[in-house]
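What's in data36.json: JSON, C-alpha atoms
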[["chain", "number", "residue", "atom", "x", "y", "z"],
["A", 1, "MET", "CA", 12.06, -67.28, 57.07],
["A", 2, "PHE", "CA", 10.28, -63.98, 56.61],
["A", 3, "SER", "CA", 7.48, -63.21, 59.09],
["A", 4, "THR", "CA", 4.29, -61.31, 58.31],
["A", 5, "ALA", "CA", 3.42, -60.83, 61.99],
["A", 6, "ASP", "CA", 4.80, -57.27, 61.99],
["A", 7, "VAL", "CA", 2.64, -55.95, 59.14],
["A", 8, "VAL", "CA", 0.57, -53.74, 61.48],
["A", 9, "ALA", "CA", 3.74, -52.24, 62.98],
["A", 10, "ARG", "CA", 5.20, -51.56, 59.53],
["A", 11, "GLU", "CA", 2.04, -49.87, 58.27],
["A", 12, "THR", "CA", 1.65, -47.85, 61.49],
["A", 13, "GLU", "CA", 5.24, -46.67, 61.05],
["A", 14, "TRP", "CA", 4.38, -45.49, 57.52],
["A", 15, "LEU", "CA", 1.24, -43.69, 58.67],
["A", 16, "THR", "CA", 3.13, -41.89, 61.44],
["A", 17, "THR", "CA", 6.02, -40.80, 59.20],
["A", 18, "ALA", "CA", 6.31, -37.03, 58.79],
["A", 19, "GLY", "CA", 8.52, -34.65, 56.87],
["A", 20, "ASP", "CA", 8.73, -36.75, 53.71],
["A", 21, "GLY", "CA", 6.58, -34.57, 51.44],
["A", 22, "LEU", "CA", 3.33, -36.45, 52.08],
["A", 23, "PRO", "CA", 0.69, -35.26, 54.54],
["A", 24, "ALA", "CA", 1.47, -35.79, 58.21],
["A", 25, "LEU", "CA", -1.27, -37.59, 60.12],
["A", 26, "THR", "CA", -0.15, -37.19, 63.73],
["A", 27, "ALA", "CA", -1.03, -34.05, 65.65],
["A", 28, "ALA", "CA", 2.57, -33.85, 66.90],
["A", 29, "ALA", "CA", 3.68, -33.36, 63.28],
["A", 30, "GLY", "CA", 0.82, -30.99, 62.39],
["A", 31, "GLY", "CA", -1.68, -33.64, 61.26],
["A", 32, "PRO", "CA", -5.29, -34.13, 62.34],
["A", 33, "PHE", "CA", -5.03, -37.28, 64.50],
["A", 34, "GLN", "CA", -4.07, -37.09, 68.16],
["A", 35, "ILE", "CA", -3.60, -40.88, 68.18],
["A", 36, "VAL", "CA", -2.28, -43.08, 65.36],
["A", 37, "SER", "CA", -1.68, -46.51, 66.78],
["A", 38, "GLY", "CA", -1.35, -50.12, 65.77],
["A", 39, "TYR", "CA", -4.21, -52.40, 66.85],
["A", 40, "TRP", "CA", -7.52, -51.68, 68.48],
["A", 41, "PRO", "CA", -7.01, -50.74, 72.15],
["A", 42, "ARG", "CA", -8.86, -52.25, 75.06],
["A", 43, "VAL", "CA", -10.45, -48.84, 75.69],
["A", 44, "PRO", "CA", -10.36, -46.57, 72.64],
["A", 45, "ALA", "CA", -9.86, -42.87, 73.27],
["A", 46, "THR", "CA", -13.25, -41.65, 72.13],
["A", 47, "MET", "CA", -12.59, -38.02, 72.99],
["A", 48, "LYS", "CA", -9.49, -37.77, 70.81],
["A", 49, "THR", "CA", -9.16, -37.88, 67.05],
["A", 50, "SER", "CA", -7.85, -41.39, 66.54],
["A", 51, "LEU", "CA", -6.70, -43.73, 63.80],
["A", 52, "TYR", "CA", -6.16, -47.39, 64.70],
["A", 53, "VAL", "CA", -4.36, -49.72, 62.29],
["A", 54, "THR", "CA", -5.54, -53.34, 62.10],
["A", 55, "ARG", "CA", -5.25, -56.25, 59.71],
["A", 56, "GLY", "CA", -8.52, -57.79, 58.57],
["A", 57, "GLN", "CA", -7.30, -60.62, 56.36],
["A", 58, "ILE", "CA", -4.24, -62.43, 55.08],
["A", 59, "SER", "CA", -4.21, -64.37, 51.84],
["A", 60, "GLU", "CA", -1.25, -66.15, 50.30],
["A", 61, "ASP", "CA", -0.75, -66.30, 46.56],
["A", 62, "ARG", "CA", 1.60, -69.04, 45.42],
["A", 63, "THR", "CA", 3.36, -67.49, 42.45],
["A", 64, "ALA", "CA", 5.70, -70.42, 41.82],
["A", 65, "HIS", "CA", 6.58, -73.79, 43.32],
["A", 66, "ILE", "CA", 8.29, -72.31, 46.37],
["A", 67, "ARG", "CA", 7.38, -68.61, 46.11],
["A", 68, "ILE", "CA", 4.46, -67.17, 48.07],
["A", 69, "THR", "CA", 3.27, -63.57, 48.23],
["A", 70, "ALA", "CA", 1.26, -62.65, 51.30],
["A", 71, "ARG", "CA", -1.50, -60.11, 50.77],
["A", 72, "HIS", "CA", -2.89, -58.31, 53.80],
["A", 73, "ARG", "CA", -6.21, -56.50, 53.99],
["A", 74, "MET", "CA", -5.52, -53.48, 56.17],
["A", 75, "VAL", "CA", -8.39, -51.83, 58.03],
["A", 76, "LEU", "CA", -7.92, -48.40, 59.58],
["A", 77, "HIS", "CA", -10.51, -47.36, 62.16],
["A", 78, "ALA", "CA", -10.99, -43.60, 62.33],
["A", 79, "LEU", "CA", -12.74, -42.00, 65.31],
["A", 80, "TRP", "CA", -13.58, -38.32, 65.24],
["A", 81, "PRO", "CA", -15.24, -36.73, 68.29],
["A", 82, "LEU", "CA", -17.83, -34.04, 67.92],
["A", 83, "ASN", "CA", -15.97, -31.14, 69.49],
["A", 84, "ASN", "CA", -17.01, -27.99, 67.67],
["A", 85, "SER", "CA", -17.53, -25.44, 70.42],
["A", 86, "GLY", "CA", -20.25, -23.73, 68.35],
["A", 87, "GLY", "CA", -22.32, -26.92, 68.35],
["A", 88, "ALA", "CA", -22.29, -27.29, 64.56],
["A", 89, "ALA", "CA", -21.91, -30.97, 63.74],
["A", 90, "GLU", "CA", -21.44, -30.05, 60.09],
["A", 91, "ALA", "CA", -18.08, -28.43, 60.81],
["A", 92, "ASP", "CA", -16.83, -31.57, 62.57],
["A", 93, "GLN", "CA", -18.04, -33.76, 59.72],
["A", 94, "GLN", "CA", -16.11, -31.58, 57.27],
["A", 95, "SER", "CA", -13.01, -31.80, 59.46],
["A", 96, "PHE", "CA", -13.40, -35.58, 59.51],
["A", 97, "ASP", "CA", -13.68, -35.64, 55.69],
["A", 98, "ASP", "CA", -10.55, -33.46, 55.46],
["A", 99, "ALA", "CA", -8.66, -35.84, 57.78],
["A", 100, "ILE", "CA", -9.75, -38.88, 55.73],
["A", 101, "GLU", "CA", -8.48, -37.17, 52.58],
["A", 102, "LEU", "CA", -5.05, -36.82, 54.20],
["A", 103, "VAL", "CA", -5.06, -40.53, 55.12],
["A", 104, "LEU", "CA", -5.92, -41.41, 51.51],
["A", 105, "ALA", "CA", -3.05, -39.27, 50.23],
["A", 106, "ARG", "CA", -0.69, -41.03, 52.64],
["A", 107, "ILE", "CA", -1.95, -44.46, 51.48],
["A", 108, "ARG", "CA", -1.49, -43.47, 47.82],
["A", 109, "GLY", "CA", 2.10, -42.62, 48.62],
["A", 110, "PHE", "CA", 4.51, -41.11, 46.16],
["A", 111, "PRO", "CA", 3.70, -41.06, 42.43],
["A", 112, "HIS", "CA", 6.40, -43.58, 41.51],
["A", 113, "ASP", "CA", 6.71, -45.53, 44.77],
["A", 114, "HIS", "CA", 3.69, -47.29, 46.20],
["A", 115, "SER", "CA", 5.70, -49.50, 48.56],
["A", 116, "HIS", "CA", 5.17, -47.30, 51.63],
["A", 117, "GLY", "CA", 8.81, -46.45, 51.89],
["A", 118, "GLY", "CA", 10.04, -49.94, 51.02],
["A", 119, "ARG", "CA", 8.00, -51.61, 53.76],
["A", 120, "PHE", "CA", 6.00, -53.67, 51.21],
["A", 121, "LEU", "CA", 6.12, -54.67, 47.56],
["A", 122, "SER", "CA", 3.07, -52.48, 47.01],
["A", 123, "ALA", "CA", 0.31, -50.86, 49.04],
["A", 124, "GLY", "CA", -3.16, -49.77, 48.06],
["A", 125, "GLU", "CA", -2.79, -51.19, 44.56],
["A", 126, "HIS", "CA", -4.23, -54.70, 44.56],
["A", 127, "PRO", "CA", -7.02, -55.19, 43.69],
["A", 128, "GLY", "CA", -6.58, -51.52, 42.92],
["A", 129, "MET", "CA", -9.14, -50.27, 45.37],
["A", 130, "VAL", "CA", -9.08, -48.34, 48.60],
["A", 131, "THR", "CA", -12.48, -48.27, 50.32],
["A", 132, "VAL", "CA", -13.77, -45.79, 52.88],
["A", 133, "ASN", "CA", -16.90, -46.68, 54.82],
["A", 134, "PHE", "CA", -18.49, -44.07, 57.04],
["A", 135, "THR", "CA", -20.84, -45.01, 59.84],
["A", 136, "PRO", "CA", -23.94, -42.88, 59.15],
["A", 137, "ALA", "CA", -23.75, -39.60, 61.06],
["A", 138, "LEU", "CA", -27.33, -40.18, 62.17],
["A", 139, "ASP", "CA", -26.08, -43.20, 64.14],
["A", 140, "THR", "CA", -22.98, -41.56, 65.60],
["A", 141, "ALA", "CA", -23.64, -37.84, 66.11],
["A", 142, "GLY", "CA", -25.94, -38.58, 69.05],
["A", 143, "VAL", "CA", -23.03, -40.12, 70.96],
["A", 144, "GLY", "CA", -20.69, -37.36, 69.83],
["A", 145, "LEU", "CA", -18.39, -39.52, 67.72],
["A", 146, "PHE", "CA", -18.07, -39.90, 63.96],
["A", 147, "LYS", "CA", -16.62, -43.21, 62.76],
["A", 148, "GLY", "CA", -15.19, -44.57, 59.56],
["A", 149, "THR", "CA", -13.05, -47.41, 58.27],
["A", 150, "ILE", "CA", -10.53, -47.35, 55.46],
["A", 151, "SER", "CA", -9.55, -50.67, 53.91],
["A", 152, "TYR", "CA", -6.94, -51.55, 51.32],
["A", 153, "THR", "CA", -4.41, -54.26, 50.60],
["A", 154, "VAL", "CA", -0.67, -54.39, 50.97],
["A", 155, "ASP", "CA", 1.39, -56.99, 49.12],
["A", 156, "ASP", "CA", 4.19, -58.26, 51.28],
["A", 157, "PHE", "CA", 7.60, -59.52, 50.25],
["A", 158, "GLU", "CA", 7.82, -63.00, 48.83],
["A", 159, "ILE", "CA", 8.27, -65.93, 51.13],
["A", 160, "THR", "CA", 10.06, -69.03, 49.96],
["A", 161, "ALA", "CA", 8.55, -72.21, 51.35]]

Go through the file and emit its structure as structure tokens.
Amino acid sequence: MFSTADVVARETEWLTTAGDGLPALTAAAGGPFQIVSGYWPRVPATMKTSLYVTRGQISEDRTAHIRITARHRMVLHALWPLNNSGGAAEADQQSFDDAIELVLARIRGFPHDHSHGGRFLSAGEHPGMVTVNFTPALDTAGVGLFKGTISYTVDDFEITA
């Protein structure tokens, strides 16, 4: 029996992959995020650029009598501290936008392989929409932290029941 319990670990592994021709996301590999981690931590690191991978929903599509495809709604939580030494919040907001663009490129994957390196049947394709929601800067700049969420679906391998 195939388990879907490791979907967050598989997607986190994809997002932390480097050297494959797609943008690196981790700071250790030259990317913008100091932390890329599966699940929301008990105490998030609000003073580090962070990307937390969570799963917001699972739905199962029965494609035949005994064949089921699990579809997971992935939600990435991006935290971006206001750390521009010149005090210009605009520069940090632009850096945050640049970092989100790199995450989107990583989600899109390679032109002819949207399986996130074979970890899923497809990722970011059904229902064909990746959504980015930004918490208004007016609500977050005062606490020195910009926030956003990126949501998309991944279609898992078929389960036979």

Within 10 Å of Ser115 of chain A using all atoms listed in the file, minus same-chain residues under 4 positions, as an MDAnalysis selection string | chainID A and resid 14 107:110 119:125 154:156

Could you write out that same residue set with C-alpha atoms as a PDB file, in the frame of the given file?
ATOM      1  CA  TRP A  14       4.380 -45.490  57.520  1.00  0.00           C
ATOM      2  CA  ILE A 107      -1.950 -44.460  51.480  1.00  0.00           C
ATOM      3  CA  ARG A 108      -1.490 -43.470  47.820  1.00  0.00           C
ATOM      4  CA  GLY A 109       2.100 -42.620  48.620  1.00  0.00           C
ATOM      5  CA  PHE A 110       4.510 -41.110  46.160  1.00  0.00           C
ATOM      6  CA  ARG A 119       8.000 -51.610  53.760  1.00  0.00           C
ATOM      7  CA  PHE A 120       6.000 -53.670  51.210  1.00  0.00           C
ATOM      8  CA  LEU A 121       6.120 -54.670  47.560  1.00  0.00           C
ATOM      9  CA  SER A 122       3.070 -52.480  47.010  1.00  0.00           C
ATOM     10  CA  ALA A 123       0.310 -50.860  49.040  1.00  0.00           C
ATOM     11  CA  GLY A 124      -3.160 -49.770  48.060  1.00  0.00           C
ATOM     12  CA  GLU A 125      -2.790 -51.190  44.560  1.00  0.00           C
ATOM     13  CA  VAL A 154      -0.670 -54.390  50.970  1.00  0.00           C
ATOM     14  CA  ASP A 155       1.390 -56.990  49.120  1.00  0.00           C
ATOM     15  CA  ASP A 156       4.190 -58.260  51.280  1.00  0.00           C
TER      16      ASP A 156
END

Between atom CA of Ile100 of chain A and atom CA of Thr69 of chain A, what is the spacing in Å?
->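 Calculated distance between atom CA of Thr69 of chain A and atom CA of Ile100 of chain A is 28.9 Å.
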
Using only C-alpha atoms, which of A:Ile159, A:Ala88, A:Ala105, A:Leu82 sits nearest Val143 of chain A?
-> A:Leu82

Length of the atom CA of Glu60 of chain A to atom CA of Pro111 of chain A vector [Å] =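 Computing the Euclidean distance for atom CA of Glu60 of chain A and atom CA of Pro111 of chain A yields 26.8 Å.
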
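Between atom CA of Thr149 of chain A and atom CA of Ala99 of chain A the interatomic distance comes to 12.4 Å.
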
For Pro136 of chain A, which residue among A:Ala161, A:His116, A:Gln93, A:Thr46 is the nearest when counting only C-alpha atoms?
->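 Of A:Ala161, A:His116, A:Gln93, A:Thr46, the one nearest Pro136 of chain A, counting only C-alpha atoms, is A:Gln93.
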
Closest of A:His72, A:His114, A:Arg62, A:His77 to Pro44 of chain A - atom-to-atom distances counting only C-alpha atoms | A:His77

Test item: which residues lie within 10 Å of (3.1, -49.4, 59.9) counting only C-alpha atoms, as a ChimeraX atom specification | /A:6-17,36-38,53-54,116,119
